[in-house]
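Asker: First the structure, which I've put down as structure tokens, then a few questions once you've had a look.
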Amino acid sequence: PTPDVPAEQTDGYHLVVDALKLNDVETIYGVVGIPITDLARLAQAEGIRYIGFRHESNAGHAAAIAGYLTKKPGVCLTVSAPGFLNGLVALANATTNCFPMVQISGSSERHVVDLKQGDYEEMDQLAAAQQFCKAAYRVSRVEDIGRGIARALRTAISGRPGGVYLDIPAAVLGSIMDAEAGAKTLSRLVDPAPRQLPAPEAVDRAIEVLATAERPLVVLGKGAAYAQADDQIREFIESTGIPYVPMSMAKGLLPDDHPQSAATARSLALKKADVVMLVGARLNWLLNHGQAPQWNPDAKFVQVDIEPTEMDSNQPIAAPLVGDIESVFEALAERTKPGQIAAPTAWREELAARSAQNVAKMAERLKADKHPMQFMGALKAIRDVVHERPETYIVNEGANALDLARNVIDMHVPRHRLDSGTWGVMGIGMGYAIAAAVETGDPVVAVEGDSAFGFSGMELETICRYNLPVVTVIMNNGGVYRGDDVNPLGDAPAPTALMIEARHDKMIEAFGGKGYRATTPAEVTAALTEALASGGPALIDCVIDPSAGTESGNIGHLNPKGIGLTK
Ligand SMILES: Cc1ncc(Cn2c(C)c(CCOP(=O)(O)OP(=O)(O)O)sc2=O)c(N)n1
Ligand SMILES: Nc1ncnc2c1ncn2[C@@H]1O[C@H](COP(=O)(O)OP(=O)(O)O)[C@@H](O)[C@H]1O
Ligand SMILES: [Mg+2]
């Protein structure tokens, strides 16, 4: 409990907690320490769920994905300087992925920091944070706490969501003020994420462009998943017959086995589409910036996005449709005449034929039950078990472990695939898994490369401490990308090597969780079935052929060529 505060008085700690509660913040993800330990205690005492982590990066990733899943800003709490910095990767990742989160951090004494007199954990955190987030604010007076919290929550959630930093110096947390006056400084946000209605002329222009298309294509991005306009989007897709490709976190918005899904004919779809409608998807590196040869150089783009400045970022946009996705699709439904937009049957059949070919090819690859176990064998086993349990969240990171799982594990419900996203960040695994389990109560399967897992692996203790229904499945190929690289000049391990004989399954046993080691797909099936049935923390170490991976998975071409290793 905080220092005794006379009943008619309040303090910074209480005002922060009161402001968060007044704005429906139900959970805080963080790591305690000076000067915010008592803030965590008070939040918990006042009914806010506090989830204590082992590293702030994981707490921040949890807050970010909580924001993505709930459309309310996730809240991460960090200590000054090093704790604050540890949270920044997650704050930057949230901003890059457009996930709403607020990182609240304690900070040191302004008058000492600003004169650089050498304070405990001295840092100008506000200045440091500015460049990595959507906005950064500092509260310098106890009476401004309510304003600061309201401002940070609104900024995170309105318009294009993102990460917001809120700096609260220790002295402000410890300041005391009259309770009645304090209560008057708090306010509850009104309509923090207002609808952004599209202009009718923009809607009509988009309809015109789509109506002329011979080979239309819709690209659904994680913004479309985030919008939670699932019915409106599905209605548009099915009423127009337009084929679509989902980006990785938009998988499941329509079930991956939907007849209009062109996910398994992606290259042909991108190459030949003559009108492309981007829905909450940026034309960035993940979509080759809209350039040939991946794309048809004559393609015309319709772009649906809440952020006006996203338009023309990579390609000229013939029909910019600025607005929130739900309002845009409601306007499209209203203003499109019956039959005005219809995907030609020939185009749909061409894509369906290619999909059938590629699905057959994939089926062959999935059948290969070679020994030692291959990625595909393990992933097929995971896919089949999870297929029976559509409420299961899939968290996914790695290189091969990411690229292969994305294509093998199909999704049937929205917002259930949470992965490295736009920034390709390793280390999101345990934080995303913890938040998905905490926010929804549903089971989570985290499909992890063995290197990727290592970035947040200590949170196995957090998962066990809260007894969360998280099953961590490690694709243990003994290395970064693969496990058979050798150092030609000595017996030091190669830079990409990890321990082939690592027993990750023993790690979780140290914290009371259930560990499994699987060397065949059948063992993966049995272990995952049992682990999910238990509803508790578990880890399955899948022993994968060390030669099975390729450098950097699908994006090896991003490695600079240089003159190569001449030595
Ligand atoms: C924070 C961080 N550090 C390093 C990397 C580089 N990196 C790293 C280290 C990856 C791990 C690949 O190894 P893995 O074991 O997780 O997966 P596979 O062996 O299945 O490819 S993937 C990747 O891009 C990164 N993306 N993010
Ligand atoms: N509610 C919303 N309405 C419209 N656009 C949104 C909404 N929420 C997020 N966005 C936009 O969605 C886009 C997400 O793009 P991106 O992260 O590149 O998705 P992906 O990687 O899945 O293609 C961002 O440009 C963001 O501005
Ligand atoms: Mg690996």
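Ligands are numbered from 1 in the order shown, residues from 1 within each chain, and chains are lettered A, B, ... in the order they appear in the structure tokens.
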If the limit is 7 Å from any atom of ligand 1, counting only C-alpha atoms and all ligand atoms, which residues qualify? Return them as JSON, numbers by chain.

Answerer: {"A": [397, 398, 399, 400, 401, 402, 424, 425, 426, 427, 448, 449, 450, 451, 452, 453, 475, 476, 477, 479, 480, 481, 482, 549, 550, 552, 553]}

Asker: If we count only C-alpha atoms and set the cut-off at 6 Å, which residues sit around stretch 534-544 of chain A, ignoring sequence neighbours fewer than 4 positions away in its own chain? Please answer as a list in words.

Answerer: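 My list of contacting residues is Met373, Gln374, Cys464, Asn467, Leu468, Pro469, Val470, Val471, Thr472, Val473, Ile474, Met475, Asn476, Asn477, His504, Asp505, Gly513, Lys514, Gly515, Tyr516, Arg517, Ala518 and Thr519 of chain A.
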
Asker: Residues within 7 Å of ligand 2 (only C-alpha atoms and all ligand atoms), as a VMD selection string?

Answerer: chain A and resid 97 to 98 160 to 161 220 to 224 226 to 227 247 to 250 280 to 284 286 304 to 307 310 323 to 326 421 to 422

Asker: Hey, can you spit out that residue selection with N, CA and C atoms as a CSV table (one decimal), in the first residue's frame?

Answerer:
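The resulting file, selection-v1.csv, is reproduced below:
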chain,number,residue,atom,x,y,z
A,97,ASN,N,3.0,-1.7,-36.5
A,97,ASN,CA,1.9,-2.6,-36.9
A,97,ASN,C,0.5,-2.0,-36.7
A,98,CYS,N,0.5,-0.7,-36.2
A,98,CYS,CA,-0.8,0.0,-36.0
A,98,CYS,C,-1.6,-0.7,-34.9
A,160,ARG,N,-5.3,6.1,-37.2
A,160,ARG,CA,-4.4,4.9,-37.3
A,160,ARG,C,-3.9,4.6,-35.9
A,161,PRO,N,-4.3,3.4,-35.4
A,161,PRO,CA,-3.8,3.1,-34.0
A,161,PRO,C,-2.3,3.0,-34.0
A,220,LEU,N,-6.7,-8.2,-48.2
A,220,LEU,CA,-7.1,-7.9,-46.9
A,220,LEU,C,-5.9,-7.9,-46.0
A,221,GLY,N,-5.7,-6.8,-45.3
A,221,GLY,CA,-4.6,-6.6,-44.4
A,221,GLY,C,-5.0,-6.7,-42.9
A,222,LYS,N,-4.0,-6.6,-42.0
A,222,LYS,CA,-4.4,-6.7,-40.6
A,222,LYS,C,-5.2,-5.6,-40.1
A,223,GLY,N,-5.2,-4.5,-40.9
A,223,GLY,CA,-6.2,-3.4,-40.5
A,223,GLY,C,-7.6,-3.8,-40.7
A,224,ALA,N,-7.8,-4.7,-41.7
A,224,ALA,CA,-9.2,-5.2,-42.0
A,224,ALA,C,-9.6,-6.1,-40.9
A,226,TYR,N,-8.4,-5.9,-37.8
A,226,TYR,CA,-8.5,-5.1,-36.6
A,226,TYR,C,-9.8,-4.4,-36.5
A,227,ALA,N,-10.3,-4.0,-37.7
A,227,ALA,CA,-11.5,-3.2,-37.7
A,227,ALA,C,-12.8,-3.9,-37.1
A,247,MET,N,-3.5,-11.1,-46.0
A,247,MET,CA,-2.1,-11.0,-45.5
A,247,MET,C,-2.1,-11.9,-44.2
A,248,SER,N,-0.9,-12.1,-43.7
A,248,SER,CA,-0.9,-13.2,-42.6
A,248,SER,C,-1.8,-13.0,-41.5
A,249,MET,N,-1.9,-11.8,-40.9
A,249,MET,CA,-2.8,-11.6,-39.7
A,249,MET,C,-4.2,-11.3,-40.1
A,250,ALA,N,-4.5,-11.3,-41.4
A,250,ALA,CA,-5.9,-11.2,-41.9
A,250,ALA,C,-6.5,-12.6,-42.2
A,280,GLY,N,-7.0,-2.1,-45.5
A,280,GLY,CA,-6.2,-2.1,-44.3
A,280,GLY,C,-4.9,-2.9,-44.5
A,281,ALA,N,-4.4,-2.7,-45.7
A,281,ALA,CA,-3.1,-3.4,-46.1
A,281,ALA,C,-2.2,-2.3,-46.8
A,282,ARG,N,-1.0,-2.2,-46.3
A,282,ARG,CA,-0.1,-1.2,-46.9
A,282,ARG,C,0.7,-1.9,-48.0
A,283,LEU,N,1.0,-1.1,-49.1
A,283,LEU,CA,1.7,-1.6,-50.2
A,283,LEU,C,3.2,-1.5,-49.9
A,284,ASN,N,3.6,-2.2,-48.9
A,284,ASN,CA,5.0,-2.0,-48.4
A,284,ASN,C,5.8,-3.3,-48.9
A,286,LEU,N,6.1,-6.1,-47.8
A,286,LEU,CA,5.4,-7.4,-47.8
A,286,LEU,C,4.6,-7.6,-49.1
A,304,VAL,N,-8.3,1.3,-49.3
A,304,VAL,CA,-9.2,1.7,-48.1
A,304,VAL,C,-8.3,1.8,-46.9
A,305,ASP,N,-8.2,2.9,-46.3
A,305,ASP,CA,-7.3,3.1,-45.2
A,305,ASP,C,-7.8,4.3,-44.4
A,306,ILE,N,-7.6,4.2,-43.0
A,306,ILE,CA,-8.0,5.3,-42.2
A,306,ILE,C,-7.0,6.4,-42.2
A,307,GLU,N,-5.8,6.1,-42.7
A,307,GLU,CA,-4.7,7.1,-42.7
A,307,GLU,C,-4.6,7.8,-44.1
A,310,GLU,N,-1.3,7.5,-46.2
A,310,GLU,CA,-0.8,6.2,-46.7
A,310,GLU,C,-1.0,6.2,-48.2
A,323,GLY,N,-11.1,6.4,-44.7
A,323,GLY,CA,-12.1,6.2,-43.7
A,323,GLY,C,-11.9,5.0,-42.9
A,324,ASP,N,-12.7,4.8,-41.8
A,324,ASP,CA,-12.5,3.5,-41.1
A,324,ASP,C,-13.2,2.4,-41.9
A,325,ILE,N,-12.7,1.3,-41.9
A,325,ILE,CA,-13.1,0.2,-42.8
A,325,ILE,C,-14.6,-0.1,-42.6
A,326,GLU,N,-15.1,-0.1,-41.4
A,326,GLU,CA,-16.5,-0.4,-41.2
A,326,GLU,C,-17.4,0.6,-41.9
A,421,GLY,N,4.5,-10.0,-38.1
A,421,GLY,CA,3.8,-8.8,-38.7
A,421,GLY,C,4.7,-8.0,-39.6
A,422,THR,N,4.5,-6.7,-39.6
A,422,THR,CA,5.1,-5.8,-40.6
A,422,THR,C,6.6,-5.7,-40.4

Asker: For a quick check of understanding, using only C-alpha atoms, which of A:His371, A:Lys251, A:Ala202, A:His557 has the smallest distance to A:Ile317?

Answerer: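 The answer is A:Ala202, which sits nearest to A:Ile317.
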
Asker: Would you mind telling me which residue in A:Val444, A:Met499, A:Ala181, A:Val112 lies nearest to ligand 3 when using only C-alpha atoms and all ligand atoms?

Answerer: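 Of the candidates, the smallest distance to ligand 3 is held by A:Met499.
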
Asker: From the set A:Glu523, A:Pro169, A:Ser80, A:Thr496, which residue has the shortest atom-to-atom contact distance to ligand 3, counting only C-alpha atoms and all ligand atoms?

Answerer: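 Looking only at the distances to ligand 3, the closest residue turns out to be A:Thr496.
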